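Shown next: protein_11.tsv, given as TSV, C-alpha atoms.
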```tsv
chain	number	residue	atom	x	y	z
A	1	MET	CA	-22.45	-41.33	77.27
A	2	SER	CA	-24.59	-39.07	75.07
A	3	LYS	CA	-26.65	-37.92	78.04
A	4	TYR	CA	-23.50	-36.48	79.66
A	5	LEU	CA	-22.85	-34.42	76.53
A	6	ASP	CA	-26.46	-33.30	76.03
A	7	PHE	CA	-25.94	-29.79	77.40
A	8	GLU	CA	-29.32	-28.63	76.07
A	9	HIS	CA	-31.14	-30.84	78.59
A	10	MET	CA	-28.57	-30.64	81.41
A	11	SER	CA	-29.01	-28.48	84.49
A	12	PHE	CA	-27.26	-28.12	87.87
A	13	LEU	CA	-29.04	-28.30	91.22
A	14	HIS	CA	-26.27	-26.37	93.09
A	15	PRO	CA	-24.54	-24.22	90.44
A	16	TRP	CA	-22.93	-21.93	93.06
A	17	PHE	CA	-20.34	-24.66	93.71
A	18	PHE	CA	-18.74	-23.64	90.41
A	19	GLY	CA	-17.35	-20.66	92.34
A	20	LEU	CA	-14.84	-23.10	93.81
A	21	LEU	CA	-13.24	-23.35	90.37
A	22	LEU	CA	-11.46	-20.11	91.28
A	23	LEU	CA	-9.29	-22.26	93.55
A	24	VAL	CA	-7.84	-24.08	90.54
A	25	PRO	CA	-5.63	-21.24	89.18
A	26	VAL	CA	-4.63	-20.40	92.78
A	27	MET	CA	-3.65	-24.03	93.30
A	28	ILE	CA	-1.58	-24.07	90.09
A	29	TRP	CA	0.14	-20.77	90.99
A	30	TRP	CA	0.99	-21.95	94.50
A	31	HIS	CA	2.35	-25.27	93.22
A	32	TYR	CA	4.78	-23.72	90.76
A	33	ARG	CA	5.78	-20.96	93.18
A	34	LYS	CA	6.58	-23.48	95.89
A	35	LYS	CA	8.39	-25.72	93.38
A	36	ASN	CA	10.66	-22.89	92.23
A	37	HIS	CA	11.25	-21.66	95.79
A	38	ASP	CA	12.19	-25.08	97.15
A	39	ARG	CA	14.39	-26.07	94.19
A	40	PRO	CA	17.92	-26.90	95.53
A	41	ALA	CA	20.91	-25.01	94.11
A	42	ILE	CA	24.27	-26.59	93.34
A	43	ARG	CA	27.31	-24.55	92.39
A	44	LEU	CA	29.25	-26.01	89.47
A	45	THR	CA	32.32	-24.70	87.70
A	46	THR	CA	31.11	-26.08	84.41
A	47	LEU	CA	27.97	-27.76	82.96
A	48	SER	CA	29.84	-29.91	80.47
A	49	GLY	CA	29.75	-32.90	82.77
A	50	ILE	CA	25.97	-33.06	83.12
A	51	LYS	CA	24.86	-31.95	79.66
A	52	GLU	CA	24.81	-35.51	78.44
A	53	VAL	CA	22.80	-36.78	81.42
A	54	LYS	CA	19.12	-37.31	80.53
A	55	PRO	CA	16.42	-37.27	83.22
A	56	SER	CA	14.79	-40.59	84.04
A	57	TRP	CA	11.19	-41.38	83.02
A	58	LYS	CA	10.15	-40.94	86.65
A	59	VAL	CA	11.38	-37.36	86.64
A	60	VAL	CA	9.63	-36.67	83.34
A	61	LEU	CA	6.30	-38.17	84.42
A	62	ARG	CA	6.17	-36.93	88.02
A	63	PRO	CA	4.36	-33.62	87.08
A	64	ILE	CA	1.42	-35.75	85.96
A	65	LEU	CA	0.66	-36.42	89.63
A	66	PHE	CA	-0.07	-32.76	90.22
A	67	TRP	CA	-2.41	-32.60	87.22
A	68	PHE	CA	-4.22	-35.70	88.47
A	69	ARG	CA	-4.95	-33.71	91.63
A	70	VAL	CA	-6.12	-30.64	89.65
A	71	ILE	CA	-8.42	-32.68	87.43
A	72	SER	CA	-9.85	-34.56	90.43
A	73	LEU	CA	-10.61	-31.22	92.13
A	74	ILE	CA	-12.46	-29.97	89.03
A	75	LEU	CA	-14.44	-33.21	88.81
A	76	LEU	CA	-15.37	-33.01	92.50
A	77	ILE	CA	-16.63	-29.44	92.03
A	78	VAL	CA	-18.76	-30.55	89.06
A	79	ALA	CA	-20.13	-33.42	91.17
A	80	LEU	CA	-20.98	-31.04	94.03
A	81	ALA	CA	-22.89	-28.85	91.56
A	82	ARG	CA	-25.19	-31.88	90.99
A	83	PRO	CA	-25.52	-32.17	87.20
A	84	GLN	CA	-28.92	-33.51	86.14
A	85	SER	CA	-30.52	-34.37	82.83
A	86	SER	CA	-34.13	-33.37	82.35
A	87	SER	CA	-36.81	-34.74	80.11
A	88	VAL	CA	-40.32	-33.37	79.60
A	89	THR	CA	-43.29	-35.66	79.08
A	90	GLU	CA	-46.50	-34.11	77.79
A	91	SER	CA	-49.90	-35.67	78.32
A	92	ILE	CA	-52.59	-34.34	75.97
A	93	ASP	CA	-56.18	-34.78	77.05
A	94	SER	CA	-58.44	-33.96	74.13
A	95	GLU	CA	-62.21	-33.72	74.40
A	96	GLY	CA	-62.63	-34.49	70.70
A	97	ILE	CA	-65.38	-33.61	68.30
A	98	ASP	CA	-66.44	-35.80	65.40
A	99	ILE	CA	-67.37	-33.78	62.32
A	100	VAL	CA	-68.79	-34.75	58.95
A	101	MET	CA	-68.84	-32.32	56.04
A	102	SER	CA	-71.62	-33.05	53.56
A	103	ILE	CA	-71.00	-31.14	50.34
A	104	ASP	CA	-73.35	-30.69	47.37
A	105	VAL	CA	-71.62	-31.64	44.08
A	106	SER	CA	-74.59	-31.18	41.75
A	107	GLY	CA	-74.21	-29.44	38.39
A	108	SER	CA	-75.39	-26.11	39.81
A	109	MET	CA	-72.28	-26.03	42.03
A	110	LEU	CA	-70.34	-25.05	38.90
A	111	ALA	CA	-71.94	-21.60	39.02
A	112	GLN	CA	-69.33	-18.88	38.96
A	113	ASP	CA	-70.72	-16.37	41.45
A	114	LEU	CA	-68.00	-17.71	43.76
A	115	LYS	CA	-64.52	-17.93	42.24
A	116	PRO	CA	-63.56	-19.93	40.32
A	117	ASN	CA	-66.87	-21.68	41.02
A	118	ARG	CA	-68.94	-22.76	44.00
A	119	ILE	CA	-67.52	-26.26	44.34
A	120	GLN	CA	-63.88	-25.14	44.16
A	121	ALA	CA	-64.54	-22.38	46.68
A	122	ALA	CA	-66.25	-24.90	48.99
A	123	LYS	CA	-63.28	-27.29	48.74
A	124	LYS	CA	-60.79	-24.54	49.57
A	125	VAL	CA	-62.55	-23.34	52.74
A	126	ALA	CA	-63.23	-26.94	53.80
A	127	GLU	CA	-59.50	-27.71	53.56
A	128	ASP	CA	-58.65	-24.64	55.66
A	129	PHE	CA	-61.26	-25.72	58.19
A	130	ILE	CA	-59.70	-29.20	58.45
A	131	ASP	CA	-56.31	-27.65	59.18
A	132	GLN	CA	-57.84	-25.83	62.14
A	133	ARG	CA	-59.10	-29.09	63.69
A	134	PRO	CA	-55.90	-31.13	64.28
A	135	THR	CA	-57.32	-33.17	67.18
A	136	ASP	CA	-60.76	-33.89	65.71
A	137	ARG	CA	-61.92	-36.74	63.55
A	138	VAL	CA	-63.46	-35.46	60.32
A	139	GLY	CA	-65.35	-37.26	57.57
A	140	LEU	CA	-66.55	-36.29	54.10
A	141	VAL	CA	-69.87	-37.00	52.36
A	142	ILE	CA	-70.82	-35.79	48.88
A	143	PHE	CA	-74.28	-35.68	47.39
A	144	ALA	CA	-76.17	-34.70	44.24
A	145	GLY	CA	-79.08	-36.86	43.08
A	146	GLU	CA	-77.69	-39.51	45.45
A	147	SER	CA	-75.17	-39.50	48.28
A	148	PHE	CA	-71.81	-41.15	48.87
A	149	THR	CA	-69.31	-41.35	51.72
A	150	GLN	CA	-66.04	-40.08	50.30
A	151	VAL	CA	-64.12	-40.50	53.59
A	152	PRO	CA	-65.37	-42.02	56.89
A	153	ILE	CA	-64.55	-39.99	60.00
A	154	THR	CA	-60.80	-40.16	60.48
A	155	ILE	CA	-57.91	-38.44	62.24
A	156	ASP	CA	-55.75	-38.90	59.14
A	157	HIS	CA	-56.30	-35.42	57.74
A	158	ASN	CA	-53.80	-35.88	54.92
A	159	VAL	CA	-55.90	-38.64	53.39
A	160	LEU	CA	-59.02	-36.58	54.01
A	161	LYS	CA	-57.63	-33.57	52.16
A	162	GLU	CA	-56.43	-35.73	49.27
A	163	GLN	CA	-59.95	-37.09	48.79
A	164	LEU	CA	-61.47	-33.65	49.23
A	165	ASN	CA	-59.38	-32.32	46.35
A	166	LYS	CA	-60.57	-35.16	44.13
A	167	ILE	CA	-64.29	-34.42	44.37
A	168	LYS	CA	-65.94	-32.75	41.39
A	169	SER	CA	-69.33	-32.23	39.86
A	170	GLY	CA	-70.62	-35.03	37.64
A	171	VAL	CA	-69.37	-37.99	39.70
A	172	LEU	CA	-72.92	-38.67	40.92
A	173	VAL	CA	-76.33	-38.64	39.28
A	174	ASP	CA	-77.36	-35.00	38.99
A	175	GLY	CA	-79.99	-33.49	41.24
A	176	THR	CA	-80.14	-32.15	44.79
A	177	ALA	CA	-80.96	-34.80	47.39
A	178	ILE	CA	-80.60	-32.81	50.60
A	179	GLY	CA	-82.32	-35.55	52.59
A	180	MET	CA	-79.80	-38.12	51.33
A	181	GLY	CA	-76.82	-35.85	52.06
A	182	LEU	CA	-78.11	-35.27	55.59
A	183	ALA	CA	-78.99	-38.92	56.29
A	184	THR	CA	-75.65	-40.28	55.03
A	185	GLY	CA	-73.74	-37.80	57.18
A	186	VAL	CA	-75.80	-38.69	60.26
A	187	ASN	CA	-75.24	-42.38	59.56
A	188	ARG	CA	-71.49	-41.80	59.73
A	189	LEU	CA	-71.87	-40.12	63.12
A	190	ARG	CA	-74.48	-42.31	64.82
A	191	ALA	CA	-71.92	-44.78	66.23
A	192	SER	CA	-69.54	-42.02	67.34
A	193	LYS	CA	-68.52	-41.96	71.01
A	194	ALA	CA	-67.41	-38.32	70.83
A	195	LYS	CA	-68.92	-35.87	73.27
A	196	SER	CA	-69.99	-33.66	70.37
A	197	ARG	CA	-71.16	-34.82	66.92
A	198	VAL	CA	-71.40	-32.17	64.21
A	199	LEU	CA	-72.58	-32.19	60.60
A	200	ILE	CA	-71.87	-29.30	58.21
A	201	LEU	CA	-74.21	-29.50	55.22
A	202	LEU	CA	-73.48	-27.24	52.25
A	203	THR	CA	-75.85	-26.91	49.29
A	204	ASP	CA	-76.90	-24.39	46.66
A	205	GLY	CA	-80.32	-25.72	45.75
A	206	VAL	CA	-83.74	-27.12	46.60
A	207	ASN	CA	-84.37	-30.77	47.46
A	208	ASN	CA	-85.76	-32.34	44.28
A	209	THR	CA	-84.83	-36.02	44.46
A	210	GLY	CA	-83.53	-38.77	46.72
A	211	LEU	CA	-84.80	-41.86	48.51
A	212	ILE	CA	-84.94	-40.14	51.92
A	213	ASP	CA	-87.09	-37.09	52.57
A	214	PRO	CA	-85.32	-34.20	54.37
A	215	SER	CA	-87.90	-34.32	57.18
A	216	THR	CA	-87.11	-37.99	57.81
A	217	ALA	CA	-83.38	-37.29	57.76
A	218	LEU	CA	-83.93	-34.45	60.23
A	219	GLU	CA	-85.67	-36.79	62.68
A	220	ILE	CA	-82.76	-39.21	62.39
A	221	ALA	CA	-80.30	-36.41	63.14
A	222	LYS	CA	-82.29	-35.38	66.21
A	223	ARG	CA	-82.48	-38.97	67.43
A	224	TYR	CA	-78.69	-39.36	67.38
A	225	ASN	CA	-78.04	-35.87	68.82
A	226	VAL	CA	-76.20	-34.64	65.75
A	227	ARG	CA	-75.89	-30.86	65.60
A	228	VAL	CA	-76.27	-29.66	62.02
A	229	TYR	CA	-74.88	-26.43	60.59
A	230	THR	CA	-76.42	-25.69	57.20
A	231	ILE	CA	-74.90	-23.42	54.56
A	232	GLY	CA	-76.75	-22.04	51.55
A	233	VAL	CA	-74.11	-21.05	49.01
A	234	GLY	CA	-74.82	-18.71	46.09
A	235	SER	CA	-75.44	-15.07	45.34
A	236	LYS	CA	-78.91	-13.59	45.58
A	237	GLY	CA	-80.89	-13.14	42.39
A	238	GLN	CA	-79.04	-14.59	39.42
A	239	ALA	CA	-75.66	-16.19	38.91
A	240	PRO	CA	-73.53	-17.12	35.86
A	241	TYR	CA	-73.75	-20.83	35.01
A	242	PRO	CA	-71.67	-22.68	32.40
A	243	VAL	CA	-74.05	-24.26	29.87
A	244	GLN	CA	-73.17	-26.69	27.10
A	245	THR	CA	-74.38	-25.48	23.68
A	246	PRO	CA	-73.71	-26.58	20.08
A	247	PHE	CA	-71.09	-23.81	20.02
A	248	GLY	CA	-69.31	-25.06	23.16
A	249	THR	CA	-69.58	-23.99	26.79
A	250	GLN	CA	-71.42	-20.71	27.20
A	251	THR	CA	-72.11	-18.72	30.38
A	252	GLN	CA	-75.74	-17.88	31.06
A	253	MET	CA	-77.38	-16.02	33.92
A	254	MET	CA	-79.79	-18.28	35.80
A	255	PRO	CA	-81.84	-17.74	38.98
A	256	VAL	CA	-80.40	-18.88	42.32
A	257	GLN	CA	-82.83	-21.11	44.20
A	258	ILE	CA	-81.98	-22.16	47.75
A	259	ASP	CA	-84.53	-23.68	50.15
A	260	GLU	CA	-83.55	-21.47	53.05
A	261	ALA	CA	-86.67	-22.35	55.02
A	262	LEU	CA	-85.70	-26.05	55.02
A	263	LEU	CA	-82.06	-25.35	55.86
A	264	LYS	CA	-83.05	-23.07	58.73
A	265	LYS	CA	-85.43	-25.71	60.09
A	266	ILE	CA	-82.77	-28.43	60.00
A	267	ALA	CA	-80.25	-26.20	61.77
A	268	THR	CA	-82.66	-24.84	64.39
A	269	GLU	CA	-84.17	-28.18	65.40
A	270	THR	CA	-80.75	-29.84	65.82
A	271	GLY	CA	-79.17	-26.99	67.80
A	272	GLY	CA	-77.07	-25.72	64.92
A	273	LYS	CA	-77.23	-22.59	62.81
A	274	TYR	CA	-78.03	-21.62	59.22
A	275	TYR	CA	-75.68	-19.45	57.14
A	276	ARG	CA	-75.95	-17.84	53.74
A	277	ALA	CA	-72.68	-17.49	51.84
A	278	THR	CA	-72.84	-15.22	48.80
A	279	SER	CA	-69.09	-14.87	48.15
A	280	ASN	CA	-65.74	-16.51	48.81
A	281	THR	CA	-65.14	-14.17	51.72
A	282	SER	CA	-68.51	-14.78	53.37
A	283	LEU	CA	-68.10	-18.57	52.93
A	284	LYS	CA	-64.72	-18.36	54.64
A	285	GLU	CA	-66.30	-16.38	57.49
A	286	VAL	CA	-69.01	-19.03	57.86
A	287	TYR	CA	-66.49	-21.80	58.43
A	288	LYS	CA	-64.48	-19.56	60.71
A	289	GLU	CA	-67.54	-18.97	62.90
A	290	ILE	CA	-68.37	-22.68	63.02
A	291	ASP	CA	-64.78	-23.35	64.02
A	292	GLN	CA	-65.18	-20.89	66.91
A	293	LEU	CA	-68.53	-22.35	67.99
A	294	GLU	CA	-67.23	-25.93	67.98
A	295	LYS	CA	-64.06	-25.52	70.01
A	296	THR	CA	-62.27	-28.65	71.14
A	297	LYS	CA	-61.15	-28.71	74.75
A	298	ILE	CA	-57.47	-29.64	74.97
A	299	GLU	CA	-55.54	-29.95	78.23
A	300	VAL	CA	-51.78	-30.36	78.10
A	301	SER	CA	-50.02	-31.58	81.26
A	302	SER	CA	-46.22	-31.42	81.40
A	303	TYR	CA	-44.11	-33.67	83.60
A	304	LYS	CA	-40.43	-32.91	84.05
A	305	GLN	CA	-38.22	-35.81	85.10
A	306	TYR	CA	-34.64	-35.48	86.36
A	307	ALA	CA	-31.84	-38.06	86.31
A	308	GLU	CA	-28.75	-37.56	88.49
A	309	LEU	CA	-25.46	-37.40	86.56
A	310	PHE	CA	-22.97	-36.56	89.34
A	311	HIS	CA	-21.97	-40.17	90.11
A	312	PRO	CA	-19.47	-40.63	87.23
A	313	PHE	CA	-17.78	-37.29	88.03
A	314	ALA	CA	-17.40	-38.16	91.71
A	315	LEU	CA	-16.20	-41.68	90.94
A	316	LEU	CA	-13.60	-40.49	88.43
A	317	ALA	CA	-12.36	-37.85	90.88
A	318	ILE	CA	-11.87	-40.48	93.60
A	319	ILE	CA	-10.07	-42.81	91.18
A	320	LEU	CA	-7.66	-40.03	90.15
A	321	LEU	CA	-6.98	-39.09	93.81
A	322	VAL	CA	-6.32	-42.70	94.79
A	323	LEU	CA	-4.13	-43.16	91.71
A	324	GLU	CA	-2.20	-39.98	92.45
A	325	MET	CA	-1.56	-40.92	96.09
A	326	GLY	CA	-0.69	-44.51	95.20
A	327	LEU	CA	1.85	-43.45	92.56
A	328	ARG	CA	3.30	-40.69	94.78
A	329	TYR	CA	4.11	-43.11	97.60
A	330	THR	CA	5.16	-46.07	95.45
A	331	VAL	CA	6.57	-45.58	91.95
A	332	PHE	CA	7.59	-41.94	92.44
A	333	LYS	CA	8.48	-42.16	96.12
A	334	SER	CA	12.23	-41.98	95.54
A	335	VAL	CA	12.00	-39.09	93.13
A	336	THR	CA	12.91	-35.77	94.76
```
Could you express the structure from this file as structure tokens?
Amino acid sequence: MSKYLDFEHMSFLHPWFFGLLLLVPVMIWWHYRKKNHDRPAIRLTTLSGIKEVKPSWKVVLRPILFWFRVISLILLIVALARPQSSSVTESIDSEGIDIVMSIDVSGSMLAQDLKPNRIQAAKKVAEDFIDQRPTDRVGLVIFAGESFTQVPITIDHNVLKEQLNKIKSGVLVDGTAIGMGLATGVNRLRASKAKSRVLILLTDGVNNTGLIDPSTALEIAKRYNVRVYTIGVGSKGQAPYPVQTPFGTQTQMMPVQIDEALLKKIATETGGKYYRATSNTSLKEVYKEIDQLEKTKIEVSSYKQYAELFHPFALLAIILLVLEMGLRYTVFKSVT
């Protein structure tokens, strides 16, 4: 029954038939005009003799026959207009991309040349980037002196963002193992069946530790056709670093050292691109450009299905007409 009351998804194939509804008031007017014109007149000297006479139930109910005919006409007009319910089915064909973000969480990522610091700025833009990739699977790797898979590639972006917000400096042995961060990210993508496999590697330092050399990790990335975008984050020259002293945490200016030559080589040889982000704004622009370069192809096909709803209206109209005619020539036949 609800589908007959769902006016939002109801349409009419022949709506011009509703013009016939103009016949309804004409029909009502003609009926009562004819009834009054044909009413017999009897001359009486007084009404006292018939005041106490009550009309029979047949006389009282006979007008219902006319309204049966009116309602059946309205229902027939609605049926002729061909009411239909429509439903839309969407088929989404997504040519997905699998992406792994490998983020440096070494102690130097606490530098405050980006606000409030490099690691917090990196987390914020990474979260915004994830929101722009609703149909892609995304994973998260963190590295310092060693590397760790925080989240395998997944379409559950809520879980991904929860884990992203939990990362912080100090959870891993300190150092900058770029080779390890690259190799772990590639390892997460090597079994991917996606048409495009992308790794975004963000660091602020120079490779100084790790069990896997960056050159070896690069060869692995090339072997599995993983495109790597590298980001060197940090201002040029010097940057304020928080340093623990006997008097508490103090801020000291320290030189910024980023192995740009290595990051450029990794990006170039895998078909990616190297970026330098020196501020929150430029880091945001970097991820925005990567988002534009790695566009996911999405095709949405809509199918509209119609279901005929005129049958109940036509059936009810016929029932009322048959009922009206049957009562007129049986129960109410003797009523004049």
Leaving out A:Thr270 and any residue of its chain fewer than 2 positions from it, which residues lie within 12 Å of it when counting all atoms listed in the file, given as a PyMOL selection string? chain A and resi 182+186+197-200+217-230+263-268+272-274
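The gap separating atom CA of A:Phe313 from atom CA of A:Gly326 is 19.9 Å, in Å to one decimal.
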Could you give me, as CSV, a per-residue list for stretch 114-204 of chain A showing, wherever an atom lies at most 10 Å from an atom of stretch 276-297 of chain A, the closest pair of atoms and their distance in Å to one decimal, using all atoms listed in the file and sorting by chain then residue number from low to high?
```
residue,atom,partner,partner_atom,distance
A:Leu114,CA,A:Ser279,CA,5.3
A:Lys115,CA,A:Asn280,CA,6.8
A:Pro116,CA,A:Asn280,CA,9.4
A:Asn117,CA,A:Asn280,CA,9.4
A:Arg118,CA,A:Asn280,CA,8.5
A:Gln120,CA,A:Asn280,CA,10.0
A:Ala121,CA,A:Asn280,CA,6.4
A:Ala122,CA,A:Leu283,CA,7.7
A:Lys124,CA,A:Lys284,CA,8.9
A:Val125,CA,A:Lys284,CA,5.8
A:Ala126,CA,A:Tyr287,CA,7.6
A:Asp128,CA,A:Tyr287,CA,8.8
A:Phe129,CA,A:Tyr287,CA,6.5
A:Ile130,CA,A:Asp291,CA,9.5
A:Gln132,CA,A:Asp291,CA,7.6
A:Arg133,CA,A:Asp291,CA,8.1
A:Pro134,CA,A:Thr296,CA,9.7
A:Thr135,CA,A:Thr296,CA,7.8
A:Asp136,CA,A:Thr296,CA,7.7
A:Ser196,CA,A:Glu294,CA,8.5
A:Arg197,CA,A:Glu294,CA,9.8
A:Val198,CA,A:Glu294,CA,8.4
A:Ile200,CA,A:Ile290,CA,8.9
A:Leu202,CA,A:Ala277,CA,9.8
A:Asp204,CA,A:Ala277,CA,9.6
```
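We find atom CA of A:Met109 and atom CA of A:Ile97 to be spaced 28.2 Å apart.
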A straight line from atom CA of A:Met254 to atom CA of A:Ser106 spans 15.1 Å
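Remark: for A:Ile74, the closest of the candidate residues A:Leu21, A:Ile119, A:Thr251, A:Gly179 is A:Leu21 (distances computed over only C-alpha atoms).
Near A:Ile28, within a cut-off of 12 Å and counting all atoms listed in the file, sit the residues A:Leu21, A:Leu22, A:Leu23, A:Arg33, A:Lys34, A:Lys35, A:Pro63, A:Phe66, A:Trp67, A:Arg69, A:Val70, A:Ile71, A:Leu73, with same-chain residues fewer than 5 positions away left out.
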Export C-alpha atoms of the chosen residues as a PDB file, in the frame of the given file?
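The resulting again-v7.pdb:
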```pdb
ATOM      1  CA  LEU A  21     -13.240 -23.350  90.370  1.00  0.00           C
ATOM      2  CA  LEU A  22     -11.460 -20.110  91.280  1.00  0.00           C
ATOM      3  CA  LEU A  23      -9.290 -22.260  93.550  1.00  0.00           C
ATOM      4  CA  ARG A  33       5.780 -20.960  93.180  1.00  0.00           C
ATOM      5  CA  LYS A  34       6.580 -23.480  95.890  1.00  0.00           C
ATOM      6  CA  LYS A  35       8.390 -25.720  93.380  1.00  0.00           C
ATOM      7  CA  PRO A  63       4.360 -33.620  87.080  1.00  0.00           C
ATOM      8  CA  PHE A  66      -0.070 -32.760  90.220  1.00  0.00           C
ATOM      9  CA  TRP A  67      -2.410 -32.600  87.220  1.00  0.00           C
ATOM     10  CA  ARG A  69      -4.950 -33.710  91.630  1.00  0.00           C
ATOM     11  CA  VAL A  70      -6.120 -30.640  89.650  1.00  0.00           C
ATOM     12  CA  ILE A  71      -8.420 -32.680  87.430  1.00  0.00           C
ATOM     13  CA  LEU A  73     -10.610 -31.220  92.130  1.00  0.00           C
TER      14      LEU A  73
END
```
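Using only C-alpha atoms, the smallest distance between any of A:His157, A:Val151, A:Glu324, A:Ala177 and A:Ile64 comes from A:Glu324.
Near A:Tyr241, within a cut-off of 8 Å and counting only C-alpha atoms, sit the residues Ser108, Leu110, Ala111, Gln112, Ala239, Val243, Thr251, Gln252, Met253 and Met254 of chain A, with same-chain residues fewer than 2 positions away left out.
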Let's have the selection written as a PDB file, in the coordinates of the input, with C-alpha atoms.
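File result_9.pdb, as written:
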```pdb
ATOM      1  CA  SER A 108     -75.390 -26.110  39.810  1.00  0.00           C
ATOM      2  CA  LEU A 110     -70.340 -25.050  38.900  1.00  0.00           C
ATOM      3  CA  ALA A 111     -71.940 -21.600  39.020  1.00  0.00           C
ATOM      4  CA  GLN A 112     -69.330 -18.880  38.960  1.00  0.00           C
ATOM      5  CA  ALA A 239     -75.660 -16.190  38.910  1.00  0.00           C
ATOM      6  CA  VAL A 243     -74.050 -24.260  29.870  1.00  0.00           C
ATOM      7  CA  THR A 251     -72.110 -18.720  30.380  1.00  0.00           C
ATOM      8  CA  GLN A 252     -75.740 -17.880  31.060  1.00  0.00           C
ATOM      9  CA  MET A 253     -77.380 -16.020  33.920  1.00  0.00           C
ATOM     10  CA  MET A 254     -79.790 -18.280  35.800  1.00  0.00           C
TER      11      MET A 254
END
```
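A distance cut-off of 12 Å around (-59.9, -43.0, 62.1), counting only C-alpha atoms, selects these protein and nucleic acid residues: Asp98, Ile99, Thr135, Asp136, Arg137, Val138, Gly139, Val151, Pro152, Ile153, Thr154, Ile155, Asp156, His157, Asn158, Val159, Leu160, Arg188 and Ser192 of chain A.
Distances from A:Pro25, A:Trp30, A:Ser72, A:Trp16 to A:Ala317 were compared using only C-alpha atoms, and the smallest one belongs to A:Ser72.
Remark: residues at most 7 Å from position (-80.8, -33.3, 47.7) in file coordinates are Phe143, Ala144, Gly145, Gly175, Thr176, Ala177, Ile178, Gly179, Met180, Gly181, Val206, Asn207, Asn208, Thr209 and Gly210 of chain A, using all atoms listed in the file.
With all atoms listed in the file as the atoms that count, the minimum distance from A:Arg82 to the choices A:Phe17, A:Tyr329, A:Phe247, A:Phe148 is reached by A:Phe17.
Distance check against A:Leu75 using only C-alpha atoms: of A:Pro214, A:Pro246, A:Pro312, A:Gly205, the minimum falls on A:Pro312.
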